[in-house]
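Below is one structure, written out as structure tokens; the observations come after it.
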Amino acid sequence: MFKLYNTLTRQVEEFQPLTDNTVRMYICGPTVYDFAHIGNFRTFLFGDLLRRYLKYKGYKVHHVMNITDVDDKIIQRAVALKMTLREYTDQYTDLFFQDFDALGAERPEEVLRATDHINEMVEIVQRLTANGHAYESEGSTYFRINSFPTYGRLSNMNFEGNVAGASERVDADEYDKESVRDFVLWKAAKPDEPSWETTIGTGRPGWHIECSAMSMKALGETFDIHAGGIDLVFPHHENEIAQSEGATGKSFVKYWVHSEFLLAEGQKMSKKLGNFYVVRDLIEQGHTPRAIRYLLLSAQHLKQFNFTMDGLKGAETVVARLNDFKVRLHELTPEAGETAALGELVWRTRKDFETALDDDLNVPAALGALHDFVRETNSAIAASTIKASDQKALIELVDCIDSVFGIFGELKKGFLDADIQALIDERQAARKAKNFARSDEIRNQLTEMGIVLEDTKEGVRWKRK
Ligand SMILES: [Zn+2]
């Protein structure tokens, strides 16, 4: 039984899809005004884990992600650079997906761009105006908060004091709880800003209406899971509920799932503090995407997580060890037969792994089960007790667990770290003995294996290409 904490009910609930076996899930995507940082990627990798585990559980997943390619920040930057919105946002969308793919996140079934769905947004605004939830003022259209009595339910705030007789309005896409007001659905065109001519006037959409329009278009008026970072609970998701349910009169989403904040080196990330980590920079510095993925996934999503360079170094060691383990397991050439103890190990690990993830995606416990399994299997390898049927079952379990975590890496057959080091040592010895033919031969062999050598003061270092 898979249980998830639902922000809306503030309870851990048993997950039951609304219809048949398909899970319809929407995860708020990036606002493509700059590089996404590792805090953003914590959320996207959490979404990736959720979709992979749903698939592991046997559900079919229809996962939709939006690209916010029009908002206050994007417009400011594009206008300053004299670029069209598309030119400006295309480059950051491409860069975003490069990082997304590098981190091993599976692409959603649908990726939708806000500016491709202006008509759908206009239609919702019209419905809201027709049923009294929205009104026009100076060319813009606003949501009337006091027409929607359950406003504040998701963020668990009582806005009554602020809302009663609210005549003040907020035009910004982002604002805090203190400035709750009637929020903007459609913004009147301003000179020098991109705008669309529509039946509700010339202008552009507010941020929140985008996600209501795209999610309901792709998944229907009521769907299973809506996820995102915790910072989106208010106002973004609160406003999405008001707009969507205000327009349809139906319940919008069954499970609201949020991942907590990420700190870097113990503090909120900021460019000033030098702890503003961007995935591509980390990769350029030589960190592997798999280690970044491992570290960002390693905490339970409802817990704040502190990302540190020390932690990343540790993750690097862990994923290298996991890959070596996988290679070693494949390279065994055991005799036929099976061992009861290993059958029991496979059964117990699978059970512990599932029990942990069923419990609101308790990743630390699931990784604990995995590391215990690796340790015990390594002992069995050392003791040569693994038989052919055991090997098959052990490999199957690794693949099964990795369909969810994606941290073991590709199988590079034929060499372990220890083999590589032995070749490097032999090459050093050959060079010392001035046997350059042999030293070149080894260098070529390493190149063919995809190993890059670097001569440093501390000696020869190597890495996989
Ligand atoms: Zn959204």
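Ordered as shown in the structure tokens, chains take letters A, B, and onward, while each chain numbers its residues from 1 and ligands are numbered from 1 in the order shown.
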
Can I get the residues close to ligand 1 as a list in words, where close means within 7 Å and we count only C-alpha atoms and all ligand atoms?
Cys28, Gly29, His208, Cys211, His236 and His237 of chain A

Please identify all polymer residues within 8 Å of Thr339 (chain A), counting only C-alpha atoms, omitting same-chain residues fewer than 4 positions from it, and present them as a ChimeraX atom specification.
/A:343,385-387,390

Now that the selection is made, can you save its residues with C-alpha atoms as an mmCIF file, in the first residue's frame?
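Result file selection.cif:
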data_model
loop_
_atom_site.group_PDB
_atom_site.id
_atom_site.type_symbol
_atom_site.label_atom_id
_atom_site.label_comp_id
_atom_site.auth_asym_id
_atom_site.auth_seq_id
_atom_site.Cartn_x
_atom_site.Cartn_y
_atom_site.Cartn_z
ATOM 1 C CA GLY A 343 17.443 -16.190 -2.135
ATOM 2 C CA THR A 385 29.179 -18.692 -2.474
ATOM 3 C CA ILE A 386 27.177 -17.239 -5.382
ATOM 4 C CA LYS A 387 25.714 -19.771 -7.817
ATOM 5 C CA ASP A 390 21.687 -16.454 -7.429
#

Counting only C-alpha atoms, what are the residues of region 341-427 of chain A within 10 Å of region 300-317 of chain A, and for each of them which pair of atoms is the nearest and at what distance in Å, to one decimal? Sort the table by chain and rising number, as JSON lines.
{"residue": "A:Leu357", "atom": "CA", "partner": "A:Gln300", "partner_atom": "CA", "distance": 9.8}
{"residue": "A:Asp360", "atom": "CA", "partner": "A:Gln300", "partner_atom": "CA", "distance": 8.3}
{"residue": "A:Leu361", "atom": "CA", "partner": "A:Gln300", "partner_atom": "CA", "distance": 6.7}
{"residue": "A:Asn362", "atom": "CA", "partner": "A:Gln300", "partner_atom": "CA", "distance": 5.5}
{"residue": "A:Val363", "atom": "CA", "partner": "A:Gln300", "partner_atom": "CA", "distance": 5.5}
{"residue": "A:Pro364", "atom": "CA", "partner": "A:Gln300", "partner_atom": "CA", "distance": 6.6}
{"residue": "A:Ala365", "atom": "CA", "partner": "A:Gln300", "partner_atom": "CA", "distance": 9.2}

Let me see the file: selected residues, C-alpha atoms, as a CSV table (one decimal), in the first residue's frame.
chain,number,residue,atom,x,y,z
A,357,LEU,CA,9.2,3.7,-0.5
A,360,ASP,CA,5.7,8.3,1.8
A,361,LEU,CA,8.9,7.7,-0.3
A,362,ASN,CA,11.2,7.1,2.6
A,363,VAL,CA,14.4,7.3,0.5
A,364,PRO,CA,16.9,7.1,3.4
A,365,ALA,CA,15.4,3.8,4.5

Taking only region 178-267 of chain A into account, list the residues labelled helix (DSSP H, G or I) by DSSP (computed from the backbone), as an NGL selection string.
:A and (178-179 or 207-219 or 230-248)

Computed interatomic separation between CA of Arg204 (chain A) and CA of Leu95 (chain A) (Å)
25.1 Å

Interatomic distance between CA of Ala430 (chain A) and CA of Arg443 (chain A)?
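That distance, rounded to one decimal, is 11.1 Å.
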
Taking only C-alpha atoms into account, which of A:Tyr5, A:Tyr33, A:Tyr135, A:Tyr142 comes nearest Pro205 (chain A)?
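Counting only C-alpha atoms, the residue closest to Pro205 (chain A) is A:Tyr142.
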
Rank A:Leu273, A:Ile283, A:Leu263, A:Val32 by their smallest atom-to-atom distance to Ile74 (chain A), using only C-alpha atoms, and report the top residue only.
A:Val32

Per-residue nearest contacts of region 204-298 of chain A to region 60-70 of chain A (10 Å; only C-alpha atoms) as a Markdown table:
| residue | atom | partner | partner_atom | distance |
| --- | --- | --- | --- | --- |
| A:Arg204 | CA | A:Val70 | CA | 8.3 |
| A:Pro205 | CA | A:Val70 | CA | 8.0 |
| A:Gly206 | CA | A:Val70 | CA | 8.5 |
| A:Trp207 | CA | A:Val70 | CA | 7.6 |
| A:His208 | CA | A:Thr68 | CA | 9.9 |
| A:Glu210 | CA | A:Thr68 | CA | 7.8 |
| A:Cys211 | CA | A:Asn66 | CA | 7.2 |
| A:Met214 | CA | A:Asn66 | CA | 7.3 |
| A:Ser215 | CA | A:Val64 | CA | 7.2 |
| A:Ala218 | CA | A:Val64 | CA | 7.3 |
| A:Leu219 | CA | A:His62 | CA | 8.1 |
| A:Ile225 | CA | A:His63 | CA | 9.2 |
| A:His226 | CA | A:Val64 | CA | 9.6 |
| A:Ala227 | CA | A:Met65 | CA | 9.9 |

Would you mind exporting N, CA and C atoms of the selected residues as a PDB file, in the first residue's frame?
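Result file follows (part02.pdb):
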ATOM      1  N   ARG A 204      -1.561  39.926 -21.461  1.00  0.00           N
ATOM      2  CA  ARG A 204      -0.854  38.659 -21.289  1.00  0.00           C
ATOM      3  C   ARG A 204      -1.343  37.980 -20.015  1.00  0.00           C
ATOM      4  N   PRO A 205      -1.149  36.651 -19.950  1.00  0.00           N
ATOM      5  CA  PRO A 205      -1.676  35.932 -18.787  1.00  0.00           C
ATOM      6  C   PRO A 205      -0.844  36.170 -17.539  1.00  0.00           C
ATOM      7  N   GLY A 206      -1.476  36.065 -16.375  1.00  0.00           N
ATOM      8  CA  GLY A 206      -0.736  35.979 -15.119  1.00  0.00           C
ATOM      9  C   GLY A 206      -0.131  34.586 -15.032  1.00  0.00           C
ATOM     10  N   TRP A 207       0.769  34.403 -14.096  1.00  0.00           N
ATOM     11  CA  TRP A 207       1.492  33.120 -13.999  1.00  0.00           C
ATOM     12  C   TRP A 207       0.560  31.969 -13.627  1.00  0.00           C
ATOM     13  N   HIS A 208      -0.320  32.195 -12.634  1.00  0.00           N
ATOM     14  CA  HIS A 208      -1.080  31.079 -12.065  1.00  0.00           C
ATOM     15  C   HIS A 208      -2.059  30.443 -13.051  1.00  0.00           C
ATOM     16  N   GLU A 210      -1.756  29.942 -16.091  1.00  0.00           N
ATOM     17  CA  GLU A 210      -1.088  29.038 -17.036  1.00  0.00           C
ATOM     18  C   GLU A 210      -1.263  27.582 -16.626  1.00  0.00           C
ATOM     19  N   CYS A 211      -0.980  27.309 -15.335  1.00  0.00           N
ATOM     20  CA  CYS A 211      -0.966  25.918 -14.902  1.00  0.00           C
ATOM     21  C   CYS A 211      -2.375  25.348 -14.817  1.00  0.00           C
ATOM     22  N   MET A 214      -3.184  24.548 -18.615  1.00  0.00           N
ATOM     23  CA  MET A 214      -2.442  23.448 -19.244  1.00  0.00           C
ATOM     24  C   MET A 214      -2.717  22.112 -18.561  1.00  0.00           C
ATOM     25  N   SER A 215      -2.828  22.128 -17.233  1.00  0.00           N
ATOM     26  CA  SER A 215      -3.056  20.849 -16.548  1.00  0.00           C
ATOM     27  C   SER A 215      -4.432  20.297 -16.906  1.00  0.00           C
ATOM     28  N   ALA A 218      -4.586  18.911 -20.500  1.00  0.00           N
ATOM     29  CA  ALA A 218      -3.899  17.641 -20.726  1.00  0.00           C
ATOM     30  C   ALA A 218      -4.481  16.497 -19.905  1.00  0.00           C
ATOM     31  N   LEU A 219      -4.988  16.797 -18.715  1.00  0.00           N
ATOM     32  CA  LEU A 219      -5.333  15.714 -17.784  1.00  0.00           C
ATOM     33  C   LEU A 219      -6.800  15.679 -17.386  1.00  0.00           C
ATOM     34  N   ILE A 225      -2.535  13.726  -9.194  1.00  0.00           N
ATOM     35  CA  ILE A 225      -1.435  14.296  -8.412  1.00  0.00           C
ATOM     36  C   ILE A 225      -0.985  15.619  -9.020  1.00  0.00           C
ATOM     37  N   HIS A 226      -0.822  16.601  -8.154  1.00  0.00           N
ATOM     38  CA  HIS A 226      -0.199  17.862  -8.566  1.00  0.00           C
ATOM     39  C   HIS A 226       0.976  18.058  -7.623  1.00  0.00           C
ATOM     40  N   ALA A 227       2.163  18.211  -8.197  1.00  0.00           N
ATOM     41  CA  ALA A 227       3.354  18.318  -7.348  1.00  0.00           C
ATOM     42  C   ALA A 227       4.162  19.553  -7.704  1.00  0.00           C
TER      43      ALA A 227
END

Write out as a PDB file with N, CA and C atoms, in the first residue's frame each polymer residue whose atoms come within 10 Å of Asp399 (chain A), counting only C-alpha atoms; drop sequence neighbours fewer than 6 positions from it.
ATOM      1  N   LYS A 326      28.048  -3.420  -9.429  1.00  0.00           N
ATOM      2  CA  LYS A 326      27.240  -3.940 -10.534  1.00  0.00           C
ATOM      3  C   LYS A 326      28.121  -4.658 -11.558  1.00  0.00           C
ATOM      4  N   ALA A 393      19.302 -13.687 -10.037  1.00  0.00           N
ATOM      5  CA  ALA A 393      18.334 -13.028  -9.145  1.00  0.00           C
ATOM      6  C   ALA A 393      18.908 -11.733  -8.567  1.00  0.00           C
ATOM      7  N   PHE A 405      15.743   4.346  -8.753  1.00  0.00           N
ATOM      8  CA  PHE A 405      16.754   5.306  -8.310  1.00  0.00           C
ATOM      9  C   PHE A 405      17.641   5.854  -9.437  1.00  0.00           C
ATOM     10  N   GLY A 406      17.973   5.016 -10.414  1.00  0.00           N
ATOM     11  CA  GLY A 406      18.832   5.487 -11.506  1.00  0.00           C
ATOM     12  C   GLY A 406      20.202   5.952 -11.037  1.00  0.00           C
ATOM     13  N   PHE A 408      23.015   3.489 -10.430  1.00  0.00           N
ATOM     14  CA  PHE A 408      24.094   2.508 -10.611  1.00  0.00           C
ATOM     15  C   PHE A 408      24.967   2.803 -11.828  1.00  0.00           C
TER      16      PHE A 408
END
